[in-house]
Amino acid sequence: MGAVILAWFFNQSFSFINLRDKSFVVSSVAKKLGKTDWSNFIEGITANMFVNIAILGYMHLKEKSAKISIAISAIFMFIFLVNEDLIANFASFMLLAFNHVRDQVPSFTLANILRQWIVVFFGDWLGGGLFIGIAYGCINKTKHIES
């Protein structure tokens, strides 16, 4: 709900009122909605694997500069590499949904958005939940000695 409200507020600002079809937000959403299901699925897996690794690194790194670097690298991946993640896509899609330029993106339809979200959800779940979850489970496995 917060992303929807913030997207609406952003679209009331000068920068978003003047979006054009060549603007970064518009072109990145168009690229995301134009990807194949396989591409969305694979990018959902890799994006969430990377995010989990970034979170783990952030938790274990001691130097603040190293923490900032790993956090920025995760943000860079989502924004500038136009990688797939359900939450990031929800926010960017809402930014376009409240803007007049949405009509200039032919692939911006409810059916296509839902298709993309569903495929990316399963990629996110597999990459972040299953692959990294199993790895964390194996790493944290401890042997208990009963007396």
# chains A, B, ... in the order shown; residues from 1 in each chain; ligands from 1
>>> closest_atom_pairs(of="segment 54-114 of chain A", to="segment 31-42 of chain A", cutoff="7 Å", atoms="only C-alpha atoms", output="tab-separated table")
residue	atom	partner	partner_atom	distance
A:Glu84	CA	A:Asn40	CA	6.3
A:Ser107	CA	A:Leu33	CA	6.2
A:Asn112	CA	A:Leu33	CA	6.8
A:Ile113	CA	A:Leu33	CA	6.9
>>> residues_around(residues="segment 117-123 of chain A", least_positions_apart="2", cutoff="6 Å", atoms="only C-alpha atoms", output="list in words")
Asn40, Phe41, Gly44, Ile45, Leu86, Leu114, Arg115, Trp125, Leu126 and Gly127 of chain A
>>> write_last_selection(atoms="C-alpha atoms", output="CSV table (one decimal), in the first residue's frame")
chain,number,residue,atom,x,y,z
A,40,ASN,CA,11.9,-13.1,-16.1
A,41,PHE,CA,12.2,-16.4,-14.2
A,44,GLY,CA,14.2,-13.5,-10.6
A,45,ILE,CA,16.3,-16.4,-9.4
A,86,LEU,CA,8.7,-8.6,-7.6
A,114,LEU,CA,0.1,-10.1,-13.8
A,115,ARG,CA,2.0,-12.5,-16.0
A,125,TRP,CA,11.0,-17.7,-4.4
A,126,LEU,CA,13.3,-20.2,-6.0
A,127,GLY,CA,16.4,-18.0,-5.9
>>> residues_around(residues="segment 11-20 of chain A", least_positions_apart="6", cutoff="7 Å", atoms="only C-alpha atoms", output="ChimeraX atom specification")
/A:95,98-99,101
>>> residues_around(residues="Ala91 of chain A", least_positions_apart="5", cutoff="12 Å", atoms="only C-alpha atoms", output="MDAnalysis selection string")
chainID A and resid 1:8 10 25 29 78:79 84:86 96:98 117
>>> closest_residue(among="A:Phe9, A:Met77, A:Val105, A:Val82", to="Ala54 of chain A", atoms="only C-alpha atoms")
A:Met77
>>> atom_distance(atom1="atom CA of Lys22 of chain A", atom2="atom CA of Arg102 of chain A")
11.9 Å
>>> closest_atom_pairs(of="segment 8-124 of chain A", to="segment 133-138 of chain A", cutoff="12 Å", atoms="only C-alpha atoms", output="Markdown table")
| residue | atom | partner | partner_atom | distance |
| --- | --- | --- | --- | --- |
| A:Asn48 | CA | A:Gly133 | CA | 10.9 |
| A:Met49 | CA | A:Gly133 | CA | 9.5 |
| A:Asn52 | CA | A:Gly133 | CA | 9.1 |
| A:Ile53 | CA | A:Tyr136 | CA | 10.1 |
| A:Leu56 | CA | A:Tyr136 | CA | 9.6 |
| A:Asp124 | CA | A:Gly133 | CA | 11.9 |
>>> atom_distance(atom1="atom CA of Ser73 of chain A", atom2="atom CA of Gly57 of chain A")
11.6 Å
>>> atom_distance(atom1="atom CA of Ala47 of chain A", atom2="atom CA of Val26 of chain A")
21.0 Å
>>> decode(residues="segment 1-145 of chain A", atoms="C-alpha atoms", output="PDB file, in the first residue's frame")
ATOM      1  CA  MET A   1       0.000   0.000   0.000  1.00  0.00           C
ATOM      2  CA  GLY A   2       2.887   2.318   0.792  1.00  0.00           C
ATOM      3  CA  ALA A   3       4.377   1.886  -2.699  1.00  0.00           C
ATOM      4  CA  VAL A   4       1.040   2.822  -4.254  1.00  0.00           C
ATOM      5  CA  ILE A   5       0.717   5.968  -2.125  1.00  0.00           C
ATOM      6  CA  LEU A   6       4.329   7.017  -2.725  1.00  0.00           C
ATOM      7  CA  ALA A   7       3.994   6.379  -6.470  1.00  0.00           C
ATOM      8  CA  TRP A   8       0.947   8.631  -6.567  1.00  0.00           C
ATOM      9  CA  PHE A   9       2.789  11.376  -4.652  1.00  0.00           C
ATOM     10  CA  PHE A  10       5.867  11.078  -6.884  1.00  0.00           C
ATOM     11  CA  ASN A  11       3.644  11.490  -9.926  1.00  0.00           C
ATOM     12  CA  GLN A  12       2.456  14.831  -8.566  1.00  0.00           C
ATOM     13  CA  SER A  13       6.035  16.165  -8.589  1.00  0.00           C
ATOM     14  CA  PHE A  14       7.611  18.210 -11.377  1.00  0.00           C
ATOM     15  CA  SER A  15      10.014  15.441 -12.413  1.00  0.00           C
ATOM     16  CA  PHE A  16       7.299  12.854 -12.945  1.00  0.00           C
ATOM     17  CA  ILE A  17       4.702  15.156 -14.481  1.00  0.00           C
ATOM     18  CA  ASN A  18       7.171  15.711 -17.322  1.00  0.00           C
ATOM     19  CA  LEU A  19       8.004  12.076 -18.065  1.00  0.00           C
ATOM     20  CA  ARG A  20       8.352  11.208 -21.737  1.00  0.00           C
ATOM     21  CA  ASP A  21       8.351   7.890 -23.563  1.00  0.00           C
ATOM     22  CA  LYS A  22      12.192   7.934 -23.551  1.00  0.00           C
ATOM     23  CA  SER A  23      12.449   8.526 -19.785  1.00  0.00           C
ATOM     24  CA  PHE A  24      14.301   5.888 -17.764  1.00  0.00           C
ATOM     25  CA  VAL A  25      11.254   4.759 -15.747  1.00  0.00           C
ATOM     26  CA  VAL A  26       9.142   4.368 -18.873  1.00  0.00           C
ATOM     27  CA  SER A  27      11.793   2.555 -20.914  1.00  0.00           C
ATOM     28  CA  SER A  28      12.753   0.217 -18.045  1.00  0.00           C
ATOM     29  CA  VAL A  29       9.113  -0.790 -17.404  1.00  0.00           C
ATOM     30  CA  ALA A  30       8.625  -1.349 -21.139  1.00  0.00           C
ATOM     31  CA  LYS A  31      11.765  -3.551 -21.195  1.00  0.00           C
ATOM     32  CA  LYS A  32      10.589  -5.504 -18.146  1.00  0.00           C
ATOM     33  CA  LEU A  33       7.160  -6.146 -19.660  1.00  0.00           C
ATOM     34  CA  GLY A  34       8.722  -7.139 -22.984  1.00  0.00           C
ATOM     35  CA  LYS A  35      10.901  -9.910 -21.556  1.00  0.00           C
ATOM     36  CA  THR A  36      10.068 -13.566 -22.029  1.00  0.00           C
ATOM     37  CA  ASP A  37       8.807 -15.676 -19.150  1.00  0.00           C
ATOM     38  CA  TRP A  38      12.092 -17.613 -19.121  1.00  0.00           C
ATOM     39  CA  SER A  39      14.140 -14.412 -18.892  1.00  0.00           C
ATOM     40  CA  ASN A  40      11.930 -13.094 -16.073  1.00  0.00           C
ATOM     41  CA  PHE A  41      12.206 -16.411 -14.225  1.00  0.00           C
ATOM     42  CA  ILE A  42      16.008 -16.658 -14.495  1.00  0.00           C
ATOM     43  CA  GLU A  43      16.504 -13.004 -13.545  1.00  0.00           C
ATOM     44  CA  GLY A  44      14.175 -13.464 -10.558  1.00  0.00           C
ATOM     45  CA  ILE A  45      16.347 -16.360  -9.379  1.00  0.00           C
ATOM     46  CA  THR A  46      19.669 -14.548  -9.810  1.00  0.00           C
ATOM     47  CA  ALA A  47      18.416 -11.253  -8.392  1.00  0.00           C
ATOM     48  CA  ASN A  48      17.214 -12.834  -5.167  1.00  0.00           C
ATOM     49  CA  MET A  49      20.324 -14.947  -4.792  1.00  0.00           C
ATOM     50  CA  PHE A  50      22.380 -11.771  -5.056  1.00  0.00           C
ATOM     51  CA  VAL A  51      20.161  -9.845  -2.648  1.00  0.00           C
ATOM     52  CA  ASN A  52      20.412 -12.604  -0.051  1.00  0.00           C
ATOM     53  CA  ILE A  53      24.181 -12.674  -0.439  1.00  0.00           C
ATOM     54  CA  ALA A  54      24.235  -8.866  -0.106  1.00  0.00           C
ATOM     55  CA  ILE A  55      22.120  -9.036   3.065  1.00  0.00           C
ATOM     56  CA  LEU A  56      24.354 -11.711   4.546  1.00  0.00           C
ATOM     57  CA  GLY A  57      27.448  -9.687   3.638  1.00  0.00           C
ATOM     58  CA  TYR A  58      25.931  -6.553   5.149  1.00  0.00           C
ATOM     59  CA  MET A  59      25.189  -8.402   8.384  1.00  0.00           C
ATOM     60  CA  HIS A  60      28.692  -9.834   8.712  1.00  0.00           C
ATOM     61  CA  LEU A  61      30.856  -6.991   7.419  1.00  0.00           C
ATOM     62  CA  LYS A  62      32.368  -4.804  10.095  1.00  0.00           C
ATOM     63  CA  GLU A  63      33.477  -1.772   8.066  1.00  0.00           C
ATOM     64  CA  LYS A  64      30.773   0.768   7.294  1.00  0.00           C
ATOM     65  CA  SER A  65      32.261   1.533   3.873  1.00  0.00           C
ATOM     66  CA  ALA A  66      32.053  -2.153   2.927  1.00  0.00           C
ATOM     67  CA  LYS A  67      28.428  -2.285   4.107  1.00  0.00           C
ATOM     68  CA  ILE A  68      27.565   0.755   2.007  1.00  0.00           C
ATOM     69  CA  SER A  69      29.330  -0.725  -1.032  1.00  0.00           C
ATOM     70  CA  ILE A  70      27.423  -3.992  -0.882  1.00  0.00           C
ATOM     71  CA  ALA A  71      24.097  -2.191  -0.351  1.00  0.00           C
ATOM     72  CA  ILE A  72      24.754   0.111  -3.317  1.00  0.00           C
ATOM     73  CA  SER A  73      25.708  -2.839  -5.516  1.00  0.00           C
ATOM     74  CA  ALA A  74      22.352  -4.509  -4.797  1.00  0.00           C
ATOM     75  CA  ILE A  75      20.462  -1.297  -5.594  1.00  0.00           C
ATOM     76  CA  PHE A  76      22.544  -0.803  -8.757  1.00  0.00           C
ATOM     77  CA  MET A  77      21.608  -4.272  -9.961  1.00  0.00           C
ATOM     78  CA  PHE A  78      17.876  -3.604  -9.695  1.00  0.00           C
ATOM     79  CA  ILE A  79      17.877  -0.126 -11.138  1.00  0.00           C
ATOM     80  CA  PHE A  80      20.545   0.107 -13.799  1.00  0.00           C
ATOM     81  CA  LEU A  81      20.674  -3.523 -14.906  1.00  0.00           C
ATOM     82  CA  VAL A  82      16.840  -3.570 -15.026  1.00  0.00           C
ATOM     83  CA  ASN A  83      16.860  -6.874 -13.157  1.00  0.00           C
ATOM     84  CA  GLU A  84      13.700  -8.634 -12.061  1.00  0.00           C
ATOM     85  CA  ASP A  85      12.356  -8.622  -8.523  1.00  0.00           C
ATOM     86  CA  LEU A  86       8.688  -8.643  -7.564  1.00  0.00           C
ATOM     87  CA  ILE A  87       8.919  -5.799  -5.054  1.00  0.00           C
ATOM     88  CA  ALA A  88      11.122  -3.605  -7.248  1.00  0.00           C
ATOM     89  CA  ASN A  89       8.829  -4.243 -10.222  1.00  0.00           C
ATOM     90  CA  PHE A  90       5.749  -3.413  -8.185  1.00  0.00           C
ATOM     91  CA  ALA A  91       7.200  -0.020  -7.318  1.00  0.00           C
ATOM     92  CA  SER A  92       8.323   0.816 -10.856  1.00  0.00           C
ATOM     93  CA  PHE A  93       5.024  -0.369 -12.348  1.00  0.00           C
ATOM     94  CA  MET A  94       3.082   1.804  -9.904  1.00  0.00           C
ATOM     95  CA  LEU A  95       5.213   4.819 -10.859  1.00  0.00           C
ATOM     96  CA  LEU A  96       4.089   4.309 -14.460  1.00  0.00           C
ATOM     97  CA  ALA A  97       0.497   3.390 -13.582  1.00  0.00           C
ATOM     98  CA  PHE A  98      -0.193   6.852 -12.153  1.00  0.00           C
ATOM     99  CA  ASN A  99       1.468   8.666 -15.037  1.00  0.00           C
ATOM    100  CA  HIS A 100      -0.004   9.890 -18.335  1.00  0.00           C
ATOM    101  CA  VAL A 101       2.824   8.189 -20.275  1.00  0.00           C
ATOM    102  CA  ARG A 102       1.475   4.697 -19.466  1.00  0.00           C
ATOM    103  CA  ASP A 103      -0.689   4.886 -22.602  1.00  0.00           C
ATOM    104  CA  GLN A 104       2.491   5.084 -24.698  1.00  0.00           C
ATOM    105  CA  VAL A 105       3.641   1.652 -23.464  1.00  0.00           C
ATOM    106  CA  PRO A 106       1.499  -0.878 -25.384  1.00  0.00           C
ATOM    107  CA  SER A 107       2.638  -3.785 -23.183  1.00  0.00           C
ATOM    108  CA  PHE A 108       1.387  -2.012 -20.016  1.00  0.00           C
ATOM    109  CA  THR A 109      -1.765  -4.108 -19.655  1.00  0.00           C
ATOM    110  CA  LEU A 110      -3.147  -5.789 -16.563  1.00  0.00           C
ATOM    111  CA  ALA A 111      -2.761  -9.252 -18.096  1.00  0.00           C
ATOM    112  CA  ASN A 112       0.895  -8.660 -19.009  1.00  0.00           C
ATOM    113  CA  ILE A 113       1.692  -7.119 -15.617  1.00  0.00           C
ATOM    114  CA  LEU A 114       0.126 -10.084 -13.779  1.00  0.00           C
ATOM    115  CA  ARG A 115       1.993 -12.546 -16.041  1.00  0.00           C
ATOM    116  CA  GLN A 116       5.269 -10.815 -15.268  1.00  0.00           C
ATOM    117  CA  TRP A 117       4.586 -10.654 -11.519  1.00  0.00           C
ATOM    118  CA  ILE A 118       3.628 -14.340 -11.312  1.00  0.00           C
ATOM    119  CA  VAL A 119       6.689 -15.566 -13.218  1.00  0.00           C
ATOM    120  CA  VAL A 120       9.043 -13.284 -11.275  1.00  0.00           C
ATOM    121  CA  PHE A 121       7.437 -14.360  -7.970  1.00  0.00           C
ATOM    122  CA  PHE A 122       8.367 -17.975  -8.640  1.00  0.00           C
ATOM    123  CA  GLY A 123      11.882 -16.943  -9.701  1.00  0.00           C
ATOM    124  CA  ASP A 124      12.248 -14.852  -6.541  1.00  0.00           C
ATOM    125  CA  TRP A 125      10.980 -17.706  -4.404  1.00  0.00           C
ATOM    126  CA  LEU A 126      13.299 -20.236  -5.995  1.00  0.00           C
ATOM    127  CA  GLY A 127      16.392 -18.020  -5.942  1.00  0.00           C
ATOM    128  CA  GLY A 128      15.972 -16.434  -2.551  1.00  0.00           C
ATOM    129  CA  GLY A 129      13.917 -18.958  -0.689  1.00  0.00           C
ATOM    130  CA  LEU A 130      15.019 -22.327  -1.939  1.00  0.00           C
ATOM    131  CA  PHE A 131      18.581 -22.033  -3.280  1.00  0.00           C
ATOM    132  CA  ILE A 132      19.921 -19.588  -0.721  1.00  0.00           C
ATOM    133  CA  GLY A 133      17.698 -20.980   2.051  1.00  0.00           C
ATOM    134  CA  ILE A 134      19.157 -24.459   1.586  1.00  0.00           C
ATOM    135  CA  ALA A 135      22.689 -23.033   1.487  1.00  0.00           C
ATOM    136  CA  TYR A 136      22.074 -21.073   4.730  1.00  0.00           C
ATOM    137  CA  GLY A 137      20.616 -24.213   6.308  1.00  0.00           C
ATOM    138  CA  CYS A 138      23.677 -26.284   5.411  1.00  0.00           C
ATOM    139  CA  ILE A 139      26.115 -23.600   6.569  1.00  0.00           C
ATOM    140  CA  ASN A 140      24.323 -23.126   9.884  1.00  0.00           C
ATOM    141  CA  LYS A 141      23.897 -26.831  10.551  1.00  0.00           C
ATOM    142  CA  THR A 142      25.319 -27.632  13.940  1.00  0.00           C
ATOM    143  CA  LYS A 143      25.744 -30.923  15.708  1.00  0.00           C
ATOM    144  CA  HIS A 144      24.227 -31.137  19.142  1.00  0.00           C
ATOM    145  CA  ILE A 145      25.799 -33.467  21.648  1.00  0.00           C
TER     146      ILE A 145
END
